[in-house]
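> Got query33.txt for you, compact mmCIF, C-alpha atoms:
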# COMPACT_ATOMS: atom_id res chain seq x y z
CA MET A 1 3.66 -28.67 13.13
CA LEU A 2 3.68 -29.65 9.46
CA ARG A 3 0.68 -28.79 7.38
CA PRO A 4 -0.90 -31.67 5.41
CA TRP A 5 0.48 -30.48 2.06
CA SER A 6 4.05 -30.47 3.37
CA LEU A 7 3.79 -34.27 3.69
CA ALA A 8 2.99 -34.77 0.03
CA PRO A 9 5.38 -32.73 -2.16
CA ALA A 10 4.30 -34.66 -5.25
CA LEU A 11 0.94 -32.93 -5.00
CA LEU A 12 2.62 -29.53 -4.97
CA THR A 13 4.27 -29.68 -8.39
CA LEU A 14 1.93 -26.96 -9.60
CA LEU A 15 -0.01 -25.30 -6.79
CA ARG A 16 -0.91 -25.82 -3.19
CA ILE A 17 -4.66 -25.64 -2.85
CA THR A 18 -6.78 -25.46 0.26
CA GLY A 19 -10.51 -25.75 0.63
CA ILE A 20 -11.98 -27.11 -2.59
CA ARG A 21 -15.73 -26.88 -2.37
CA ALA A 22 -18.23 -29.16 -4.03
CA ASP A 23 -19.22 -26.43 -6.47
CA GLY A 24 -18.48 -28.07 -9.77
CA SER A 25 -14.85 -26.97 -9.87
CA ASP A 26 -13.63 -30.51 -10.68
CA CYS A 27 -10.69 -29.30 -12.76
CA LEU A 28 -9.14 -27.74 -9.66
CA ALA A 29 -9.10 -31.01 -7.79
CA SER A 30 -8.04 -33.05 -10.81
CA LEU A 31 -5.14 -30.73 -11.63
CA TYR A 32 -3.72 -30.11 -8.21
CA GLY A 33 -5.20 -32.40 -5.57
CA SER A 34 -7.14 -30.85 -2.75
CA VAL A 35 -7.51 -30.36 0.97
CA ASN A 36 -11.09 -30.47 2.25
CA ALA A 37 -12.69 -27.15 3.22
CA SER A 38 -13.13 -28.48 6.74
CA SER A 39 -9.35 -28.49 7.16
CA ALA A 40 -8.20 -26.57 10.21
CA TYR A 41 -5.83 -24.62 7.96
CA PHE A 42 -8.36 -23.36 5.44
CA VAL A 43 -9.78 -20.52 7.53
CA GLY A 44 -6.28 -19.25 8.37
CA ASP A 45 -5.45 -19.15 4.68
CA TYR A 46 -8.23 -16.73 3.80
CA THR A 47 -8.69 -14.57 6.92
CA ALA A 48 -9.21 -10.98 5.76
CA TYR A 49 -7.05 -8.04 6.82
CA ASN A 50 -10.28 -6.16 7.62
CA LEU A 51 -12.28 -8.62 9.70
CA ARG A 52 -15.40 -6.54 9.12
CA LEU A 53 -15.51 -7.87 5.55
CA GLN A 54 -14.83 -11.61 5.45
CA PRO A 55 -15.75 -13.32 2.17
CA ILE A 56 -15.17 -17.06 1.90
CA PRO A 57 -13.26 -18.09 -1.24
CA ALA A 58 -13.84 -21.33 -3.11
CA ALA A 59 -10.14 -22.07 -2.88
CA VAL A 60 -6.74 -20.54 -2.20
CA PHE A 61 -3.84 -21.37 -4.54
CA TYR A 62 -0.11 -20.93 -3.92
CA PRO A 63 1.63 -20.99 -7.32
CA THR A 64 5.38 -21.17 -7.77
CA SER A 65 5.62 -20.21 -11.45
CA PRO A 66 3.78 -18.17 -14.09
CA ALA A 67 2.74 -21.46 -15.71
CA ASP A 68 0.98 -22.42 -12.48
CA ILE A 69 -0.94 -19.17 -12.54
CA SER A 70 -1.91 -19.63 -16.18
CA SER A 71 -3.26 -23.11 -15.46
CA ALA A 72 -5.20 -21.85 -12.44
CA ILE A 73 -6.79 -18.99 -14.40
CA LEU A 74 -7.92 -21.30 -17.20
CA CYS A 75 -9.20 -23.78 -14.66
CA ALA A 76 -11.17 -21.06 -12.84
CA GLN A 77 -12.72 -20.00 -16.13
CA SER A 78 -13.89 -23.53 -16.87
CA ALA A 79 -15.32 -23.79 -13.34
CA GLY A 80 -17.08 -20.43 -13.58
CA LEU A 81 -15.08 -18.92 -10.70
CA ALA A 82 -13.94 -15.32 -10.39
CA VAL A 83 -10.19 -14.92 -9.80
CA ALA A 84 -8.72 -12.72 -7.05
CA VAL A 85 -5.00 -12.10 -6.64
CA ARG A 86 -3.40 -11.69 -3.22
CA SER A 87 -0.06 -9.90 -3.12
CA GLY A 88 0.06 -8.82 0.53
CA GLY A 89 -3.58 -9.30 1.53
CA HIS A 90 -3.91 -5.75 2.90
CA SER A 91 -7.03 -4.79 0.95
CA TYR A 92 -9.35 -2.64 3.08
CA ALA A 93 -12.37 -4.03 1.22
CA SER A 94 -11.06 -7.64 1.15
CA TYR A 95 -10.67 -7.62 -2.64
CA SER A 96 -7.50 -9.70 -2.29
CA ILE A 97 -9.69 -12.64 -1.27
CA GLY A 98 -12.41 -11.87 -3.77
CA GLY A 99 -14.58 -9.22 -2.15
CA THR A 100 -17.50 -11.65 -2.24
CA ASP A 101 -17.84 -15.38 -1.58
CA GLY A 102 -16.75 -18.03 -4.05
CA SER A 103 -13.61 -16.66 -5.73
CA LEU A 104 -10.43 -18.51 -6.58
CA VAL A 105 -7.65 -16.71 -4.69
CA ILE A 106 -4.17 -16.82 -6.22
CA ASP A 107 -1.61 -16.06 -3.52
CA LEU A 108 1.72 -14.62 -4.75
CA GLY A 109 3.70 -15.50 -1.63
CA ALA A 110 6.27 -17.41 -3.71
CA PHE A 111 6.96 -14.34 -5.89
CA ARG A 112 8.98 -12.19 -3.49
CA SER A 113 12.42 -11.86 -5.06
CA ILE A 114 14.04 -8.41 -5.07
CA VAL A 115 17.05 -7.74 -7.32
CA VAL A 116 18.79 -4.43 -8.00
CA HIS A 117 20.42 -4.39 -11.45
CA ASP A 118 23.52 -2.59 -12.69
CA ASP A 119 21.37 0.06 -14.39
CA ASN A 120 19.74 0.84 -11.01
CA THR A 121 16.42 -0.64 -11.97
CA ALA A 122 15.02 -3.25 -9.62
CA SER A 123 13.08 -6.42 -10.38
CA ILE A 124 10.54 -7.03 -7.61
CA GLY A 125 8.26 -10.05 -7.38
CA GLY A 126 4.53 -9.39 -7.35
CA GLY A 127 4.18 -10.83 -3.84
CA ALA A 128 6.95 -8.79 -2.18
CA LYS A 129 5.94 -6.61 0.76
CA LEU A 130 6.90 -2.97 1.17
CA GLY A 131 9.00 -3.40 4.31
CA ASN A 132 11.16 -6.06 2.71
CA ILE A 133 11.46 -3.97 -0.44
CA ALA A 134 12.70 -0.93 1.51
CA LEU A 135 15.31 -3.02 3.30
CA ALA A 136 16.53 -4.82 0.19
CA LEU A 137 16.88 -1.63 -1.84
CA SER A 138 18.64 0.17 1.01
CA TYR A 139 21.48 -2.37 0.89
CA SER A 140 22.23 -0.95 -2.58
CA GLU A 141 21.49 2.62 -1.39
CA ARG A 142 18.43 2.80 -3.61
CA ALA A 143 14.79 3.69 -2.91
CA ILE A 144 11.35 3.95 -4.52
CA PRO A 145 8.25 5.98 -3.48
CA HIS A 146 6.31 3.18 -1.77
CA GLY A 147 3.83 3.59 1.07
CA THR A 148 4.46 3.29 4.78
CA CYS A 149 2.93 -0.01 5.94
CA PRO A 150 5.50 -2.87 5.81
CA THR A 151 2.89 -5.60 5.26
CA VAL A 152 1.32 -4.10 2.13
CA GLY A 153 2.04 -6.12 -1.01
CA VAL A 154 3.61 -4.39 -3.98
CA GLY A 155 1.09 -5.82 -6.47
CA GLY A 156 -2.12 -4.10 -5.43
CA HIS A 157 -0.19 -1.07 -4.17
CA THR A 158 1.41 -0.42 -7.55
CA THR A 159 -1.37 -1.38 -9.96
CA GLY A 160 -3.76 0.83 -8.00
CA GLY A 161 -1.46 3.87 -8.00
CA GLY A 162 0.86 3.67 -5.01
CA PHE A 163 1.07 6.78 -2.81
CA GLY A 164 4.19 7.18 -0.71
CA GLU A 165 5.79 9.86 1.44
CA PRO A 166 8.47 10.66 -1.23
CA GLY A 167 5.78 10.81 -3.92
CA ARG A 168 6.08 14.56 -4.40
CA MET A 169 9.70 13.99 -5.51
CA TRP A 170 9.36 10.73 -7.39
CA GLY A 171 5.70 10.30 -8.32
CA LEU A 172 3.46 7.32 -7.72
CA MET A 173 4.70 3.75 -7.72
CA LEU A 174 3.03 3.13 -11.08
CA ASP A 175 4.91 6.12 -12.56
CA ASN A 176 8.16 4.26 -11.92
CA VAL A 177 7.33 0.91 -13.50
CA VAL A 178 9.43 0.34 -16.63
CA GLY A 179 8.58 -3.31 -17.22
CA MET A 180 6.47 -6.24 -16.02
CA ASP A 181 6.06 -9.98 -16.34
CA VAL A 182 2.36 -10.82 -16.39
CA VAL A 183 -0.15 -13.60 -16.87
CA MET A 184 -3.17 -12.38 -18.83
CA ALA A 185 -6.82 -13.09 -18.09
CA ASN A 186 -6.81 -15.60 -20.97
CA GLY A 187 -3.84 -17.45 -19.47
CA THR A 188 -1.22 -16.01 -21.84
CA ILE A 189 2.18 -15.42 -20.22
CA VAL A 190 3.86 -12.16 -21.28
CA SER A 191 7.45 -11.61 -20.18
CA GLY A 192 9.16 -8.24 -20.41
CA LEU A 193 6.06 -6.15 -21.05
CA THR A 194 7.03 -2.51 -21.60
CA ARG A 195 5.31 0.63 -22.77
CA ASP A 196 7.03 0.25 -26.16
CA LEU A 197 6.03 -3.40 -26.52
CA ASP A 198 2.30 -2.81 -25.91
CA GLY A 199 1.45 0.67 -24.69
CA ASP A 200 -2.28 0.03 -24.30
CA LEU A 201 -1.83 -3.09 -22.19
CA PHE A 202 0.93 -1.45 -20.14
CA PHE A 203 -1.32 1.53 -19.42
CA ALA A 204 -4.31 -0.67 -18.56
CA ILE A 205 -2.44 -2.78 -16.02
CA LEU A 206 -0.99 0.26 -14.27
CA GLY A 207 -4.15 1.59 -12.72
CA CYS A 208 -6.55 -1.29 -13.27
CA GLY A 209 -4.33 -4.36 -13.08
CA SER A 210 -6.85 -6.60 -11.37
CA SER A 211 -9.07 -6.47 -14.45
CA PHE A 212 -6.39 -7.45 -16.93
CA ALA A 213 -3.55 -9.56 -15.58
CA VAL A 214 -1.61 -11.06 -12.70
CA VAL A 215 1.73 -9.28 -12.37
CA THR A 216 4.36 -11.80 -11.29
CA SER A 217 7.25 -9.31 -11.41
CA PHE A 218 7.71 -5.55 -11.74
CA ARG A 219 10.78 -3.73 -12.98
CA PHE A 220 11.09 -0.34 -11.27
CA LYS A 221 13.16 2.73 -11.83
CA THR A 222 14.89 3.40 -8.48
CA TYR A 223 16.42 6.52 -6.93
CA ALA A 224 19.51 7.29 -4.92
CA MET A 225 18.59 6.82 -1.28
CA PRO A 226 18.37 10.26 0.41
CA GLN A 227 21.38 10.76 2.66
CA ALA A 228 19.49 12.91 5.15
CA VAL A 229 15.85 13.05 6.23
CA THR A 230 14.18 15.27 8.80
CA HIS A 231 10.85 14.24 10.25
CA TYR A 232 8.86 17.28 11.36
CA GLY A 233 5.56 17.64 13.17
CA PHE A 234 3.08 20.12 14.66
CA THR A 235 0.98 18.36 17.31
CA TYR A 236 -2.11 19.53 19.17
CA ASP A 237 -2.94 17.45 22.24
CA SER A 238 -6.51 16.60 23.19
CA GLY A 239 -8.42 19.56 24.58
CA ILE A 240 -6.29 22.29 22.97
CA LEU A 241 -8.61 22.91 20.03
CA ASP A 242 -12.34 22.71 19.44
CA SER A 243 -13.79 21.61 16.09
CA SER A 244 -13.38 25.10 14.67
CA GLY A 245 -9.69 25.10 15.61
CA ILE A 246 -9.09 21.67 14.08
CA ALA A 247 -10.81 22.90 10.91
CA GLN A 248 -8.38 25.84 10.90
CA VAL A 249 -5.44 23.40 11.11
CA PHE A 250 -6.84 21.38 8.23
CA SER A 251 -7.41 24.52 6.16
CA ALA A 252 -3.79 25.56 6.73
CA TYR A 253 -2.66 22.11 5.61
CA GLN A 254 -4.89 22.26 2.56
CA THR A 255 -3.73 25.77 1.62
CA ILE A 256 -0.05 24.88 1.81
CA GLY A 257 -0.63 21.69 -0.15
CA ALA A 258 -2.31 23.57 -2.99
CA GLY A 259 0.58 26.02 -3.26
CA ASP A 260 4.11 25.85 -4.56
CA VAL A 261 5.86 23.62 -2.03
CA VAL A 262 9.27 22.15 -2.79
CA PRO A 263 8.98 18.49 -3.91
CA GLU A 264 11.36 17.40 -1.15
CA LEU A 265 8.62 18.02 1.44
CA GLY A 266 6.07 15.33 2.29
CA MET A 267 3.06 16.24 4.41
CA GLY A 268 0.13 14.51 6.11
CA PHE A 269 -2.72 15.45 8.45
CA GLN A 270 -4.38 13.26 11.10
CA VAL A 271 -7.10 13.85 13.65
CA GLY A 272 -7.66 11.48 16.54
CA THR A 273 -9.86 11.01 19.55
CA GLY A 274 -10.48 13.79 22.04
CA GLY A 275 -9.76 16.53 19.53
CA SER A 276 -6.07 15.71 19.07
CA CYS A 277 -4.60 16.37 15.64
CA PHE A 278 -1.28 16.88 13.94
CA ILE A 279 0.44 17.77 10.71
CA SER A 280 3.65 15.89 10.02
CA GLY A 281 5.92 14.70 7.26
CA ASN A 282 9.44 14.22 6.03
CA PHE A 283 11.85 16.67 4.48
CA TYR A 284 14.32 14.92 2.18
CA GLY A 285 17.35 17.14 2.56
CA SER A 286 20.04 18.19 5.02
CA ASP A 287 19.55 21.97 5.06
CA GLN A 288 17.70 22.70 8.31
CA GLY A 289 17.65 26.41 7.58
CA ALA A 290 15.88 25.71 4.29
CA LEU A 291 13.33 23.54 6.11
CA ASP A 292 12.60 26.34 8.59
CA GLY A 293 11.86 28.68 5.70
CA ILE A 294 9.70 26.11 3.93
CA LEU A 295 7.59 25.48 7.02
CA GLN A 296 7.17 29.13 8.04
CA PRO A 297 4.16 29.80 5.75
CA LEU A 298 2.41 26.83 7.36
CA LYS A 299 3.20 28.06 10.86
CA ASP A 300 1.82 31.47 9.96
CA LEU A 301 -1.57 29.87 9.26
CA LEU A 302 -1.74 27.54 12.27
CA PRO A 303 -3.53 28.43 15.52
CA GLY A 304 -1.38 28.51 18.65
CA GLY A 305 -0.97 25.66 21.10
CA TYR A 306 0.98 23.16 19.02
CA LYS A 307 4.16 21.31 19.90
CA GLU A 308 6.79 21.53 17.17
CA ASP A 309 9.29 18.77 16.55
CA LYS A 310 12.11 18.19 14.07
CA THR A 311 14.04 14.93 14.18
CA PRO A 312 16.97 14.18 11.82
CA MET A 313 17.20 10.55 10.74
CA SER A 314 18.44 8.29 7.97
CA TRP A 315 16.32 7.22 5.01
CA ILE A 316 15.75 3.75 6.43
CA GLY A 317 15.15 5.32 9.83
CA SER A 318 12.34 7.37 8.30
CA VAL A 319 10.81 4.21 6.84
CA VAL A 320 10.99 2.53 10.26
CA ASN A 321 9.46 5.63 11.87
CA TYR A 322 6.39 5.44 9.65
CA ALA A 323 6.15 1.67 10.04
CA GLY A 324 5.31 2.09 13.72
CA THR A 325 5.84 -0.90 15.96
CA GLY A 326 6.07 -3.57 13.25
CA PRO A 327 9.39 -4.76 11.74
CA LEU A 328 10.30 -3.94 8.15
CA ASN A 329 11.27 -7.54 7.51
CA THR A 330 7.91 -9.28 7.37
CA THR A 331 9.32 -12.74 6.62
CA GLY A 332 7.76 -15.18 9.04
CA VAL A 333 5.73 -12.44 10.73
CA PRO A 334 2.07 -13.45 11.22
CA ASP A 335 -0.48 -11.52 9.19
CA ILE A 336 -2.09 -8.62 11.03
CA HIS A 337 -5.85 -8.04 11.18
CA ASP A 338 -8.12 -5.18 12.16
CA THR A 339 -11.80 -4.25 12.14
CA PHE A 340 -12.75 -0.89 10.65
CA PHE A 341 -14.82 1.13 8.20
CA ALA A 342 -12.90 3.14 5.61
CA LYS A 343 -13.96 5.70 3.03
CA SER A 344 -11.80 7.88 0.80
CA ILE A 345 -12.24 11.27 -0.79
CA ILE A 346 -9.92 12.96 -3.26
CA THR A 347 -10.31 16.69 -3.76
CA PRO A 348 -8.81 18.74 -6.62
CA SER A 349 -6.51 21.56 -5.59
CA GLY A 350 -8.78 24.07 -7.30
CA SER A 351 -11.79 23.07 -5.17
CA PRO A 352 -10.63 22.89 -1.56
CA ILE A 353 -12.97 21.58 1.15
CA PRO A 354 -14.62 24.57 2.93
CA ALA A 355 -13.69 25.08 6.58
CA SER A 356 -17.39 24.92 7.53
CA VAL A 357 -17.67 21.44 6.05
CA MET A 358 -14.59 20.24 7.90
CA GLU A 359 -15.84 21.77 11.15
CA SER A 360 -19.07 19.77 10.83
CA PHE A 361 -17.06 16.64 10.16
CA PHE A 362 -14.83 17.20 13.18
CA ASP A 363 -17.95 17.79 15.30
CA TYR A 364 -19.12 14.36 14.17
CA LEU A 365 -15.78 12.76 15.02
CA ALA A 366 -15.84 14.31 18.48
CA ASP A 367 -19.00 12.36 19.27
CA THR A 368 -17.81 9.10 17.69
CA GLN A 369 -16.29 6.37 19.84
CA THR A 370 -13.20 5.11 18.05
CA SER A 371 -9.61 4.17 18.70
CA THR A 372 -8.33 5.07 15.26
CA TYR A 373 -7.41 8.20 13.28
CA TRP A 374 -8.85 10.03 10.31
CA PHE A 375 -6.01 11.00 8.03
CA GLY A 376 -5.22 12.80 4.81
CA GLU A 377 -2.32 13.13 2.41
CA ILE A 378 -1.42 15.96 0.08
CA HIS A 379 0.63 15.38 -3.03
CA PRO A 380 0.36 18.71 -4.86
CA SER A 381 3.12 18.06 -7.36
CA LEU A 382 1.34 14.95 -8.70
CA ARG A 383 -0.82 17.19 -10.84
CA GLN A 384 2.35 18.14 -12.71
CA LEU A 385 3.46 14.58 -13.54
Please express the file's structure as C-alpha cells.

Amino acid sequence: MLRPWSLAPALLTLLRITGIRADGSDCLASLYGSVNASSAYFVGDYTAYNLRLQPIPAAVFYPTSPADISSAILCAQSAGLAVAVRSGGHSYASYSIGGTDGSLVIDLGAFRSIVVHDDNTASIGGGAKLGNIALALSYSERAIPHGTCPTVGVGGHTTGGGFGEPGRMWGLMLDNVVGMDVVMANGTIVSGLTRDLDGDLFFAILGCGSSFAVVTSFRFKTYAMPQAVTHYGFTYDSGILDSSGIAQVFSAYQTIGAGDVVPELGMGFQVGTGGSCFISGNFYGSDQGALDGILQPLKDLLPGGYKEDKTPMSWIGSVVNYAGTGPLNTTGVPDIHDTFFAKSIITPSGSPIPASVMESFFDYLADTQTSTYWFGEIHPSLRQL
C-alpha cells in the first residue's frame, strides 16, 4: 500500500512531514506541506524503541539533503520547537524522538551511504545502521569498533562515545572519526569538518553532538578486518551459584579487567534469571595457545561449576554471533521495540565495586521477575587512549 506522500512527489522536494499539529508551527506546513496528525501512518513514524517511554513529537521530517535539514532547523526555531535527530531510533530513553512531547524529529533514513576510500577511510551517512556498516566494510576487508546491535544508528552511537567489542584494540567509535559533514544549530552547513579546521567544534560534537549539530556524514579511520576470531565463554547455569558465588564471578571479571590484559581480548559479564551468569568475549587472533594463557588468570579466580567454550569464527561471523537472531542487513526490516527500565554505572578501575555490594544486588535480582539480563562491559585499555 502506498503512503499518502508517495502520491504527491511534488510535496517531497524538501522533506516528508507527518503529523503537523495546530501548535503555531505554520512555517512547517507552508514550507513542506503536511499530513494531519490523525493519519494512520503518524503513530508508526514515531513509535519509540523503548515503549515504556513514548513521547509524541510535533512532527517527523525525512530530509534528503543537508539543505533540507538546515531549513527544518530554522523553521523549528521560528516555531519554538526543540529538535531531535533520529539516526537509528534505538535510544533507551527515547531521545531520538525528543524525550518529551512536542519536538521536531529529523529522521536521517535517507543518509545511509557507506563508501570505503582508497586511503582506507570510510564515509558513512549519519543514518546508517551498524549491521549494514559491518557488512559493507567487510566487502573491503575493513572494520571499525562499533557495537553489537545491528539496528543501532551510527549517529547517536558515535557522538555519544561508541563502545564495541574490539574497543580495547581500536578505541571508541568517536576516537576514529577523522572528519564530518554537519548542519549546525543555527542552520549553517559545514562540510569536511576536521580537528584541524575547528578543533573546538570537532571536540564538542564528538561526545555531545546532539547539543551542537546534526551529523549527515562521518569519515572514519578503518582497520584491517581480523582474519581470525575466537569467541570464548564461561557459563554458569541456573542453580549452580548463589548470590555470593555470582558476586565472586563478577569480582574475577572486574579484577582481570583492571589488570594488564592484551588489547586483542574483549570481555563482558551478564547475569540472568534463576542465578545464571556468564563471562564471554572475543579474542582477535589465531593463536589458541596464547588465548589459553591469557584466560588462565581468569579461570584461577572463578568458582567451579562453569562450562567453558571456545569457538573459532570469522570476523563477520563474530558480528553475526553478537547480533543474535536479527540479520545484519536491516534494509526493509521493521523496527524492533521493547519495554524495559535501564540504568548505567561506570566505575573507575581504581575503585572497584566491593563484592558485598554486588552480592546484595544479585540478591535483589534473584527476587525480581524479569526476562532480560543485567550486563557489564570492561574496556581497561580505554584509560590509556
> Please list as a ChimeraX atom specification every residue within 6 Å of range 310-325 of chain A, counting only C-alpha atoms and excluding residues in the same chain fewer than 5 positions away.
/A:148-149,226,228-232
> Closest to Val214 in chain A among A:Ser87, A:Thr64, A:Gln227, A:Thr330, using only C-alpha atoms?
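Once distances to Val214 in chain A are computed over only C-alpha atoms, the minimum belongs to A:Ser87.
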> Name the residues in contact with range 355-358 of chain A at a cut-off of 7 Å, using only C-alpha atoms, excluding same-chain residues fewer than 6 positions from it; report them as a PyMOL selection string.
chain A and resi 247-248+251
> Which residues are close to His157 in chain A, i.e. within 9 Å by only C-alpha atoms, leaving aside same-chain residues fewer than 2 positions away? Reply as number ranges by chain.
A: 87, 146-147, 152-155, 159-163, 173-174
> Tell me which residues come within 12 Å of (3.6, 17.4, 1.3), as a ChimeraX atom specification, counting only C-alpha atoms in the file's coordinates.
/A:163-169,231-232,253-269,279-284,294-295,298,376-382
> Show which residues sit within 7 Å of range 94-102 of chain A, as a PyMOL selection string. Count all atoms listed in the file, and ignore same-chain residues fewer than 4 positions away.
chain A and resi 46+48-50+53-58+81+84-86+89
> Can you tell me how far CA of Ala134 in chain A sits from CA of Val190 in chain A, in Å to one decimal?
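Rounded to one decimal, the two atoms are 26.9 Å apart.
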> What does the distance from CA of Ala136 in chain A to CA of Leu108 in chain A come to in Å, to one decimal?
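Taking CA of Ala136 in chain A and CA of Leu108 in chain A, their separation equals 18.4 Å.
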> Smallest atom-to-atom distance to Ser276 in chain A: which of A:Val249, A:Leu302, A:Leu291, A:Val182, using all atoms listed in the file?
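With all atoms listed in the file as the atom set, the closest residue is A:Val249.
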